[in-house]
Each structure stands twice: as structure tokens, then as C-alpha cells.
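Have a look at upload.cif below; it lists mmCIF, C-alpha atoms.
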```cif
data_work
loop_
_atom_site.group_PDB
_atom_site.id
_atom_site.type_symbol
_atom_site.label_atom_id
_atom_site.label_comp_id
_atom_site.auth_asym_id
_atom_site.auth_seq_id
_atom_site.Cartn_x
_atom_site.Cartn_y
_atom_site.Cartn_z
ATOM 1 C CA MET A 1 162.076 11.823 134.671
ATOM 2 C CA ARG A 2 165.201 13.756 133.707
ATOM 3 C CA ASN A 3 167.087 10.530 133.029
ATOM 4 C CA GLY A 4 164.224 9.199 130.944
ATOM 5 C CA LEU A 5 163.985 12.400 128.960
ATOM 6 C CA ARG A 6 167.700 12.349 128.257
ATOM 7 C CA LYS A 7 167.508 8.821 126.877
ATOM 8 C CA LEU A 8 164.631 9.817 124.599
ATOM 9 C CA VAL A 9 166.347 12.963 123.343
ATOM 10 C CA GLU A 10 169.579 11.059 122.678
ATOM 11 C CA GLN A 11 167.670 8.936 120.172
ATOM 12 C CA LEU A 12 166.785 11.944 118.012
ATOM 13 C CA GLU A 13 168.686 12.524 114.799
ATOM 14 C CA ASN A 14 171.150 15.425 114.666
ATOM 15 C CA VAL A 15 170.821 15.985 118.421
ATOM 16 C CA LYS A 16 173.684 15.599 120.884
ATOM 17 C CA VAL A 17 173.014 15.732 124.606
ATOM 18 C CA VAL A 18 176.045 17.403 126.196
ATOM 19 C CA LYS A 19 174.925 17.726 129.819
ATOM 20 C CA GLU A 20 172.208 16.842 132.298
ATOM 21 C CA CYS A 21 171.735 19.361 135.123
ATOM 22 C CA ALA A 22 169.683 19.426 138.332
ATOM 23 C CA ASN A 23 168.960 23.163 138.346
ATOM 24 C CA GLY A 24 169.469 26.423 136.510
ATOM 25 C CA LEU A 25 172.711 27.304 138.290
ATOM 26 C CA GLU A 26 174.313 24.096 137.037
ATOM 27 C CA VAL A 27 173.204 24.980 133.519
ATOM 28 C CA MET A 28 174.765 28.442 133.733
ATOM 29 C CA ASP A 29 178.020 27.051 135.139
ATOM 30 C CA PHE A 30 178.216 24.535 132.299
ATOM 31 C CA VAL A 31 177.390 27.041 129.573
ATOM 32 C CA GLU A 32 179.999 29.460 130.916
ATOM 33 C CA THR A 33 182.836 26.921 130.849
ATOM 34 C CA ASN A 34 182.058 24.544 128.007
ATOM 35 C CA GLU A 35 181.215 24.323 124.353
ATOM 36 C CA LYS A 36 178.387 26.290 122.784
ATOM 37 C CA VAL A 37 174.946 25.029 123.810
ATOM 38 C CA ASP A 38 172.229 25.472 121.178
ATOM 39 C CA VAL A 39 169.146 24.394 123.140
ATOM 40 C CA VAL A 40 168.326 23.956 126.815
ATOM 41 C CA ILE A 41 165.282 21.895 127.809
ATOM 42 C CA SER A 42 164.234 23.098 131.238
ATOM 43 C CA ASP A 43 161.497 22.543 133.782
ATOM 44 C CA LEU A 44 159.634 25.579 135.042
ATOM 45 C CA LEU A 45 160.069 24.900 138.757
ATOM 46 C CA MET A 46 163.585 24.038 139.915
ATOM 47 C CA PRO A 47 165.588 24.695 143.086
ATOM 48 C CA LYS A 48 168.156 27.509 143.257
ATOM 49 C CA MET A 49 167.248 28.934 139.824
ATOM 50 C CA ASN A 50 163.899 28.247 138.138
ATOM 51 C CA GLY A 51 163.205 28.019 134.425
ATOM 52 C CA LEU A 52 162.268 31.663 133.953
ATOM 53 C CA GLU A 53 165.292 32.895 135.904
ATOM 54 C CA LEU A 54 167.487 30.604 133.840
ATOM 55 C CA THR A 55 165.986 31.909 130.615
ATOM 56 C CA ALA A 56 166.547 35.515 131.624
ATOM 57 C CA ALA A 57 170.158 34.765 132.564
ATOM 58 C CA LEU A 58 170.840 32.971 129.295
ATOM 59 C CA ARG A 59 169.191 35.709 127.259
ATOM 60 C CA HIS A 60 171.540 38.194 128.885
ATOM 61 C CA ALA A 61 174.797 36.226 128.763
ATOM 62 C CA HIS A 62 174.222 33.772 125.899
ATOM 63 C CA PRO A 63 171.373 34.998 123.681
ATOM 64 C CA GLU A 64 172.208 32.381 121.058
ATOM 65 C CA THR A 65 171.099 29.610 123.439
ATOM 66 C CA LYS A 66 167.415 28.765 123.072
ATOM 67 C CA VAL A 67 165.278 27.581 126.010
ATOM 68 C CA ILE A 68 162.429 25.095 125.778
ATOM 69 C CA ILE A 69 160.234 24.909 128.864
ATOM 70 C CA LEU A 70 158.781 21.468 129.525
ATOM 71 C CA SER A 71 156.261 21.828 132.344
ATOM 72 C CA MET A 72 153.151 20.318 133.871
ATOM 73 C CA TYR A 73 151.622 23.801 134.282
ATOM 74 C CA ASP A 74 149.169 24.888 131.593
ATOM 75 C CA ASP A 75 148.354 28.317 133.059
ATOM 76 C CA LEU A 76 148.241 30.631 130.022
ATOM 77 C CA ASN A 77 149.364 33.592 132.113
ATOM 78 C CA GLN A 78 152.471 31.610 133.010
ATOM 79 C CA VAL A 79 153.017 30.763 129.350
ATOM 80 C CA ALA A 80 152.726 34.429 128.391
ATOM 81 C CA LEU A 81 155.226 35.383 131.104
ATOM 82 C CA ALA A 82 157.632 32.729 129.851
ATOM 83 C CA ILE A 83 157.438 34.064 126.300
ATOM 84 C CA GLN A 84 157.938 37.592 127.588
ATOM 85 C CA VAL A 85 161.077 36.530 129.454
ATOM 86 C CA GLY A 86 162.460 34.972 126.277
ATOM 87 C CA VAL A 87 161.516 31.291 126.242
ATOM 88 C CA SER A 88 161.606 29.933 122.694
ATOM 89 C CA ALA A 89 159.138 27.095 123.251
ATOM 90 C CA TYR A 90 156.703 25.971 125.938
ATOM 91 C CA LEU A 91 155.331 22.425 126.026
ATOM 92 C CA LEU A 92 153.496 20.325 128.563
ATOM 93 C CA LYS A 93 155.149 17.226 130.005
ATOM 94 C CA SER A 94 152.267 15.223 128.576
ATOM 95 C CA SER A 95 153.397 16.106 125.039
ATOM 96 C CA GLU A 96 154.428 13.356 122.652
ATOM 97 C CA MET A 97 158.127 12.918 121.931
ATOM 98 C CA GLU A 98 157.483 13.794 118.292
ATOM 99 C CA GLU A 99 156.235 17.216 119.362
ATOM 100 C CA LEU A 100 159.317 17.860 121.476
ATOM 101 C CA GLU A 101 161.488 16.881 118.526
ATOM 102 C CA PHE A 102 159.553 19.311 116.343
ATOM 103 C CA ALA A 103 159.959 22.058 118.948
ATOM 104 C CA ILE A 104 163.721 21.497 119.045
ATOM 105 C CA LYS A 105 163.902 21.823 115.268
ATOM 106 C CA MET A 106 161.759 24.965 115.299
ATOM 107 C CA VAL A 107 163.731 26.821 117.966
ATOM 108 C CA SER A 108 167.028 25.836 116.352
ATOM 109 C CA LYS A 109 165.774 27.767 113.312
ATOM 110 C CA ASN A 110 164.927 30.795 115.483
ATOM 111 C CA TYR A 111 161.174 30.151 115.531
ATOM 112 C CA ARG A 112 158.991 30.140 118.628
ATOM 113 C CA TYR A 113 156.742 27.202 119.406
ATOM 114 C CA ILE A 114 153.786 26.708 121.757
ATOM 115 C CA GLY A 115 152.602 23.175 122.433
ATOM 116 C CA ILE A 116 149.485 21.901 120.692
ATOM 117 C CA ALA A 117 147.565 21.383 123.943
ATOM 118 C CA LEU A 118 148.296 24.959 125.002
ATOM 119 C CA MET A 119 147.357 26.357 121.602
ATOM 120 C CA GLU A 120 144.019 24.523 121.788
ATOM 121 C CA LYS A 121 143.398 26.057 125.207
ATOM 122 C CA MET A 122 144.279 29.526 123.892
ATOM 123 C CA ILE A 123 141.909 29.148 120.940
ATOM 124 C CA LYS A 124 139.050 27.926 123.159
ATOM 125 C CA ASN A 125 139.551 30.861 125.518
ATOM 126 C CA GLN A 126 139.600 33.287 122.615
ATOM 127 C CA LEU A 127 136.441 31.806 121.100
ATOM 128 C CA HIS A 128 134.695 31.989 124.461
ATOM 129 C CA ALA A 129 135.722 35.631 124.876
ATOM 130 C CA THR A 130 134.628 36.426 121.312
ATOM 131 C CA ASN A 131 131.233 34.798 121.805
ATOM 132 C CA ASN A 132 130.678 36.721 125.008
ATOM 133 C CA GLN A 133 131.731 39.915 123.280
ATOM 134 C CA GLN A 134 129.303 39.316 120.440
ATOM 135 C CA VAL A 135 126.437 38.949 122.909
ATOM 136 C CA VAL A 136 127.279 42.278 124.532
ATOM 137 C CA ASP A 137 127.953 44.066 121.250
ATOM 138 C CA SER A 138 124.543 43.070 119.882
ATOM 139 C CA ASN A 139 122.970 45.556 122.295
ATOM 140 C CA HIS A 140 121.987 48.853 120.763
ATOM 141 C CA TYR A 141 123.496 52.057 122.092
ATOM 142 C CA THR A 142 121.537 55.216 121.378
ATOM 143 C CA GLU A 143 123.316 58.387 120.352
ATOM 144 C CA ARG A 144 122.353 59.957 123.670
ATOM 145 C CA GLU A 145 123.742 57.000 125.628
ATOM 146 C CA LEU A 146 127.080 57.371 123.868
ATOM 147 C CA GLU A 147 127.105 61.079 124.636
ATOM 148 C CA VAL A 148 126.458 60.342 128.305
ATOM 149 C CA LEU A 149 129.123 57.612 128.253
ATOM 150 C CA THR A 150 131.716 60.024 126.867
ATOM 151 C CA LEU A 151 130.954 62.575 129.578
ATOM 152 C CA ILE A 152 131.082 59.900 132.285
ATOM 153 C CA ALA A 153 134.551 58.967 131.037
ATOM 154 C CA GLU A 154 135.530 62.622 131.369
ATOM 155 C CA GLY A 155 134.680 62.422 135.054
ATOM 156 C CA MET A 156 131.447 64.408 135.042
ATOM 157 C CA THR A 157 128.762 63.819 137.664
ATOM 158 C CA ASN A 158 125.132 63.155 136.747
ATOM 159 C CA LEU A 159 124.286 66.769 137.604
ATOM 160 C CA GLN A 160 127.080 68.146 135.415
ATOM 161 C CA ILE A 161 126.021 65.910 132.534
ATOM 162 C CA SER A 162 122.384 66.979 132.896
ATOM 163 C CA ASN A 163 123.391 70.640 132.753
ATOM 164 C CA LYS A 164 125.629 70.128 129.725
ATOM 165 C CA LEU A 165 123.083 68.117 127.727
ATOM 166 C CA PHE A 166 120.037 70.035 128.987
ATOM 167 C CA LEU A 167 118.532 66.866 130.441
ATOM 168 C CA SER A 168 117.001 66.179 133.823
ATOM 169 C CA LYS A 169 119.259 64.505 136.344
ATOM 170 C CA ARG A 170 116.850 61.586 136.489
ATOM 171 C CA THR A 171 117.124 61.074 132.704
ATOM 172 C CA VAL A 172 120.922 61.007 132.948
ATOM 173 C CA GLU A 173 120.695 58.477 135.761
ATOM 174 C CA GLY A 174 118.495 56.348 133.514
ATOM 175 C CA HIS A 175 121.049 56.477 130.676
ATOM 176 C CA ARG A 176 123.826 55.547 133.081
ATOM 177 C CA GLN A 177 121.849 52.578 134.358
ATOM 178 C CA ASN A 178 121.093 51.424 130.803
ATOM 179 C CA LEU A 179 124.789 51.591 129.954
ATOM 180 C CA LEU A 180 125.704 49.525 133.006
ATOM 181 C CA GLN A 181 123.163 46.868 132.064
ATOM 182 C CA LYS A 182 124.064 46.740 128.366
ATOM 183 C CA THR A 183 127.781 46.425 129.014
ATOM 184 C CA GLY A 184 127.464 44.055 131.942
ATOM 185 C CA SER A 185 129.352 46.498 134.171
ATOM 186 C CA ASN A 186 128.753 46.779 137.909
ATOM 187 C CA ASN A 187 130.269 50.220 138.484
ATOM 188 C CA THR A 188 131.558 53.286 136.680
ATOM 189 C CA ALA A 189 135.163 52.090 136.602
ATOM 190 C CA THR A 190 134.328 48.832 134.819
ATOM 191 C CA LEU A 191 131.955 50.719 132.504
ATOM 192 C CA ILE A 192 134.737 53.063 131.384
ATOM 193 C CA ARG A 193 137.173 50.169 131.021
ATOM 194 C CA TYR A 194 134.677 48.315 128.830
ATOM 195 C CA ALA A 195 134.065 51.430 126.747
ATOM 196 C CA ILE A 196 137.772 51.961 126.104
ATOM 197 C CA ILE A 197 138.517 48.319 125.268
ATOM 198 C CA ASN A 198 135.569 48.121 122.883
ATOM 199 C CA LYS A 199 136.267 51.548 121.395
ATOM 200 C CA LEU A 200 132.947 53.073 122.352
ATOM 201 C CA ILE A 201 134.940 56.101 123.442
ATOM 202 C CA TYR A 202 138.353 57.360 122.360
#
```
Representation of the structure as C-alpha cells:
Amino acid sequence: MRNGLRKLVEQLENVKVVKECANGLEVMDFVETNEKVDVVISDLLMPKMNGLELTAALRHAHPETKVIILSMYDDLNQVALAIQVGVSAYLLKSSEMEELEFAIKMVSKNYRYIGIALMEKMIKNQLHATNNQQVVDSNHYTERELEVLTLIAEGMTNLQISNKLFLSKRTVEGHRQNLLQKTGSNNTATLIRYAIINKLIY
């Protein structure tokens, strides 16, 4: 695949392939002893030094060198980690050559680029999360429920809350149960986490 990719990249205008390496260590050795390298196209999984390790090393020693990850893995958590490490572009191996060419042009101009297939997956995930959020947010929280929620977040027990709000312990337990149901939480910890994320408490 590496040989095939090289032949395809060599056909691109204004692009010169200066080296083909088997792993990240070979890339670092070449960059240290040869002419300036503008862009490195790397796999994610490689022996001796993987794509993320290579990116981190280049960012430290040669920050002007951009890294494009070309991988079969479409795990968005992995993509986010790659961006955090300093990858300039992340594409799937199923991407068209035209998209890789575009990514090379983008990173050479100091832009980041995420492959179309990955962006579609990100958007679908976001829409799904938004739709789920809208269902939960449509529930009505009474003023008393929000008061109880705030006190729960402060670590108060049902008895302490009942004494503070002059309510029976059973009433407080009812408010707590309503809050769990409305937020889709299964325990106090997830209830508080939901409340913080959705700014029901501050």
C-alpha cells in the first residue's frame, strides 16, 4: 500500500516525494539528517514508533513539519487524541485521492483538516446527542425540584434537605426520584453530573 500511495502522491502537482519510510523512527532519522520536510503522511499503527508518537516527536523537534494521518480507524476518540497530539489532518484510507491532495494543500497553509467521512460521523453523533438532549430538556422542573437538586449537589442528605426546606423527608425523597426520572439518571452521581453539564446548577 505504501508503494501504491507513493506513486499516487508523486503524480500530484507541486509535490515532491523525498522519502518512503517503514516506521516513525526512520522518518525521524531522515528528517534529522536531510532537507526540510514539509509534510509527512503517516499510518496510525506502525512498529517501533506509531503515528501519534511520531507526531509528538516532530512537533517537539521540527514543528514546521506537518503530519497527515491516513488510517483505517474511524474512532472519533482516536481522532480527537490525534488532533490533541498535533496532527494536522486525519483521513481514512478509503478517502479519494482528490481529498488527500486537498488535505496536503490545506496543511501546507497551516490549516487543519478532518476527512469528509469522519466529519459526517461527527455531525451525526452531535445531532443524535442534541436530539436526545432536547427530549430530556423538554421535561419541566419545578422551582422546588431545582432547590432540592442544588442541595443534593451540596452533599446534603434527604433529612438535611427536609430540615432546611421545612419539608417532610418523604416529600424530599419524592423530589429526588422525580429528578432522577426526568434526567434519565440512575444515581446521585450521574444526576449531579447531568445538572452541571446542562447548567441546572452552578
Inset, instruction - Evaluate the PyMOL selection byres ((chain A and resi 150) around 9) on the structure here and hand back the selected residues as a PyMOL selection string. - result: chain A and resi 145-149+151-154+192+195+200-202
Legend entry - Residues matched by the PyMOL selection byres ((chain A and resi 25) around 12), written as a PyMOL selection string: chain A and resi 21-24+26-32+42+46-51+53-55+57-58
Inset, instruction - Can you work out the spacing between atom CA of Ala103 of chain A and atom CA of Met119 of chain A in Å, to one decimal? - result: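 Interatomic distance here is 13.6 Å.
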Inset, instruction - Rank A:Lys93, A:Lys19, A:Lys164, A:Arg144 by their smallest atom-to-atom distance to Met1 of chain A, using all atoms listed in the file, and report the top residue only. - result: A:Lys93
Legend entry - Expansion of the PyMOL selection byres ((chain A and resi 113) around 6) into residues, as a PyMOL selection string: chain A and resi 89+112+114
